[in-house]
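Below is one structure, written out as structure tokens, with a few remarks after it.
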Amino acid sequence: MREFQAVEDKIHVSINSDQDIVTARQKGRSLAAAVGFSSGDATLIATAISELARNIVTYAKSGEIQLTVINGSARQGIQLVAYDEGPGIPDIPQALRDGFSTSGSLGLGLPGVKRLMDEFEIVSAETSGTTVTAKKWRP
Amino acid sequence: MEVPLLKQGDFLIATIQAALTDADLLQFRAALVQQVVRFRSQGVIVDVTSLDVMDSFASRTLREVAQMIRLRGAETVIVGIQPDVAFAMVQLGLKLEDVTTALDLEEGLAYLSRRSTSSA
């Protein structure tokens, strides 16, 4: 457990610009490595952070990425929360379908992130913004 | 952060660094296309060996670079996609579609040389 205590287990990154996207994914990769994820899994986590942070910059202009070390009954993982108070997603099932986008991008963001992570939940309302929570467990 | 561009004969070699922002990538795209025109390059290698995350924006920008350069009559080869990065790209559903890829710089240069010899 001593090794684990050395890990800063909760990180907040304010997302306001494309530079913050890079910062968030670098912090995510370091945290994943500190928790003991393989470099392959750390890449999946960093890529998921990059996609979610970009959605914040593109759709909401500003928001926050929270990275937390989580403890399950027998394993550790990372929880990734992308939070914004932007316009919200009117039709979540549609946004989770491959190929859908409202900004002319590839439209693979959310379904792709869902595949990169083990657990994925999205809460969004047109007046209160969007919160995406995703978890990845160490195998 | 600027992407270094190296001219080698008829080819241009661009080396992407790990921590490029979206703005850096767009600036790179503009600079690369400009240099291809300036040097009348026949081929371009984009070396992504040190890129640790290839998200949807980066892969879309690289695809656009290759399309623009093809319209100039030149060929682009993306080299050095790391195995972890390739795995994440597949999971994310990203495709480089008809952009040529090669294992490393050497293979990429060999491909471009074969191509320019056969079309000469």
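Letters for chains follow the order of the structure tokens (A, B, ...), residue numbers begin at 1 for each chain, and ligand numbers begin at 1 in the order shown.
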For chain B, which residues have at least one atom within 9 Å of chain A, if we go by only C-alpha atoms? Write them as an MDAnalysis selection string, please.
-> chainID B and resid 19:23 52:57 60 83:85 87:89 91:94
As number ranges by chain, which residues of chain B does DSSP assign to helix (DSSP H, G or I)?
-> B: 22-39, 56-71, 83-92, 105-119
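Distance check against Asn55 of chain A using only C-alpha atoms: of A:Val69, A:Ile11, A:Ala34, A:Ala95, the minimum falls on A:Ala95.
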Segment 3-86 of chain B: which residues are strand (DSSP E or B) by DSSP, as a list in words?
->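 Going through segment 3-86 of chain B, the strand (DSSP E or B) residues come out as Leu5, Leu6, Lys7, Gln8, Phe11, Leu12, Ile13, Ala14, Thr15, Gly43, Val44, Ile45, Val46, Asp47, Glu75, Thr76, Val77, Ile78 and Val79 of chain B.
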Can I get the selected residues back with N, CA and C atoms, as a CSV table (one decimal), in the first residue's frame?
chain,number,residue,atom,x,y,z
B,5,LEU,N,10.8,20.2,-40.4
B,5,LEU,CA,10.6,19.7,-41.8
B,5,LEU,C,12.0,19.6,-42.4
B,6,LEU,N,12.4,18.4,-42.9
B,6,LEU,CA,13.7,18.2,-43.4
B,6,LEU,C,13.6,17.8,-44.9
B,7,LYS,N,14.3,18.6,-45.7
B,7,LYS,CA,14.2,18.2,-47.2
B,7,LYS,C,15.3,17.2,-47.5
B,8,GLN,N,14.9,16.2,-48.1
B,8,GLN,CA,15.9,15.2,-48.6
B,8,GLN,C,15.6,14.8,-50.0
B,11,PHE,N,12.1,14.5,-51.5
B,11,PHE,CA,11.2,14.2,-50.5
B,11,PHE,C,11.3,15.2,-49.3
B,12,LEU,N,10.2,15.3,-48.5
B,12,LEU,CA,10.2,16.1,-47.3
B,12,LEU,C,9.9,15.1,-46.1
B,13,ILE,N,10.7,15.3,-45.1
B,13,ILE,CA,10.4,14.5,-43.9
B,13,ILE,C,10.0,15.4,-42.7
B,14,ALA,N,8.8,15.1,-42.2
B,14,ALA,CA,8.3,15.8,-41.0
B,14,ALA,C,8.3,14.9,-39.8
B,15,THR,N,8.8,15.4,-38.7
B,15,THR,CA,8.8,14.6,-37.5
B,15,THR,C,7.9,15.2,-36.5
B,43,GLY,N,7.3,13.5,-52.7
B,43,GLY,CA,6.8,12.6,-51.6
B,43,GLY,C,7.1,13.2,-50.2
B,44,VAL,N,6.2,12.9,-49.3
B,44,VAL,CA,6.3,13.4,-47.9
B,44,VAL,C,6.3,12.2,-46.9
B,45,ILE,N,7.2,12.3,-46.0
B,45,ILE,CA,7.1,11.3,-44.9
B,45,ILE,C,6.7,12.0,-43.6
B,46,VAL,N,5.6,11.5,-42.9
B,46,VAL,CA,5.3,12.1,-41.6
B,46,VAL,C,5.6,11.0,-40.6
B,47,ASP,N,6.6,11.3,-39.8
B,47,ASP,CA,7.1,10.4,-38.8
B,47,ASP,C,6.4,10.6,-37.5
B,75,GLU,N,3.0,12.1,-52.9
B,75,GLU,CA,2.5,11.0,-52.1
B,75,GLU,C,2.9,11.2,-50.6
B,76,THR,N,2.1,10.9,-49.7
B,76,THR,CA,2.4,11.0,-48.3
B,76,THR,C,2.5,9.6,-47.7
B,77,VAL,N,3.5,9.3,-46.9
B,77,VAL,CA,3.5,8.1,-46.1
B,77,VAL,C,3.7,8.4,-44.6
B,78,ILE,N,2.8,7.8,-43.8
B,78,ILE,CA,2.9,8.0,-42.4
B,78,ILE,C,3.7,6.9,-41.8
B,79,VAL,N,4.7,7.2,-41.1
B,79,VAL,CA,5.6,6.1,-40.6
B,79,VAL,C,5.6,6.1,-39.0
For Thr117 of chain B, the nearest of the candidates B:Ala31, B:Gln42, B:Leu62, B:Gln67, counting only C-alpha atoms |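 With only C-alpha atoms as the atom set, the closest residue is B:Gln42.
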Find the residues around Glu85 of chain A up to 12 Å (only C-alpha atoms counted), leave out those fewer than 6 positions away in its own chain, and share them as number ranges by chain.
-> A: 15, 56-57, 59-64, 123-132
Atomic distance atom CA of Ala134 of chain A - atom CA of Gly88 of chain A, expressed in Å with one decimal |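 According to the coordinates, atom CA of Ala134 of chain A and atom CA of Gly88 of chain A are separated by 17.5 Å.
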Hey, which of B:Glu106, B:Arg29, B:Arg114, B:Glu2 ends up closest to Arg63 of chain B? Count only C-alpha atoms.
->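 Comparing B:Glu106, B:Arg29, B:Arg114, B:Glu2 against Arg63 of chain B, the winner is B:Arg29.
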